[in-house]
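Notes follow once the structure below has been shown.
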Amino acid sequence: MMKKLILGLCAAAAMMSGSAARADETSEDVRCLVIFMQMSNAQAPAAQTGGLIGSFYYMGKLDARSRDLDLEKMILTEVSQMSEVSFQADAKRCGDDMTKRGQAAADLGKALQQHAQQMQKLGDGPADKPKDKPTDKPGDKSADKPAAAPAEKPADKPQ
């Protein structure tokens, strides 16, 4: 009996910690969204662009986690709990995360370029495939037909 109680409590604690971890992750992503939204209002064009990219990235993460989030409420809650010190710490954390993701995207791009070059060397690349060229099949009469004449411009009517 005691063993079942302990197992039940452990299972409940595990489920609660998983949902708490997800809530913490959601709160952290909302904070990053706030930071990048703020950054998108900067005067410097590079900061605006970085802010927009970060905003879209964190909005996507939040949407993927749950489309039913009340983002407005969550943003207001997180902003009310942010201090100058926590804002700076979150800005560093979020910036580091974006730097890692940006590097991962660059690495992926390089790997895909190398793969495409390998395919071209082997003759399997897109450059070796025919471009939307019609094929003439035996017995296909459409290839023997002359091209349609361009439409003529209607004669001008005297007014």
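Every chain in the structure tokens takes a letter, A first, then B, and so on in the order presented; its residues are numbered from 1, and the ligands are numbered from 1 following the presented order.
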Practice item. Write out as a list in words the residues lying within 10 Å of stretch 81-93 of chain A, counting only C-alpha atoms and excluding same-chain residues fewer than 5 positions away. Key: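 My list of contacting residues is Glu28, Asp29, Arg31, Cys32, Val34, Ile35, Phe36, Met39, Ile75, Leu76, Met98 and Thr99 of chain A.
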Write the residues of the preceding selection, restricted to C-alpha atoms, as a PDB file, in the first residue's frame.
ATOM      1  CA  GLU A  28      11.353  32.733 -20.797  1.00  0.00           C
ATOM      2  CA  ASP A  29      10.268  32.785 -24.444  1.00  0.00           C
ATOM      3  CA  ARG A  31      10.454  37.557 -22.073  1.00  0.00           C
ATOM      4  CA  CYS A  32      12.610  37.096 -25.177  1.00  0.00           C
ATOM      5  CA  VAL A  34       9.293  41.295 -25.252  1.00  0.00           C
ATOM      6  CA  ILE A  35      13.000  42.062 -25.576  1.00  0.00           C
ATOM      7  CA  PHE A  36      13.063  41.596 -29.352  1.00  0.00           C
ATOM      8  CA  MET A  39      14.558  46.068 -30.007  1.00  0.00           C
ATOM      9  CA  ILE A  75       3.380  39.749 -22.021  1.00  0.00           C
ATOM     10  CA  LEU A  76       1.756  42.080 -19.518  1.00  0.00           C
ATOM     11  CA  MET A  98      19.628  33.737 -31.236  1.00  0.00           C
ATOM     12  CA  THR A  99      23.364  33.650 -31.924  1.00  0.00           C
TER      13      THR A  99
END
**Study point:** Exercise: stretch 101-105 of chain A partners within 12 Å, only C-alpha atoms, chain neighbours under 6 positions left out, as a PyMOL selection string
**Key:** chain A and resi 50+53-54+57-58+94-95+111-112
**Study point:** Nearest-residue call for A:Ser40, choices A:Met74, A:Phe56, A:Gly109, A:Gln118, using only C-alpha atoms
**Key:** A:Phe56
Point to revise | Members of stretch 22-138 of chain A assigned alpha helix (DSSP H) by DSSP, as a ChimeraX atom specification | key: /A:22-39,45-65,71-81,84-122
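Each of A:Ala42, A:Val30, A:Ala116, A:Leu108 was compared to A:Gly60 using only C-alpha atoms, and A:Val30 turns out to be the nearest.
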Check your understanding: To one decimal place, how far is atom CA of A:Glu78 from atom CA of A:Thr49 in Å?
Key ->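 We find that atom CA of A:Glu78 and atom CA of A:Thr49 lie 23.4 Å from each other.
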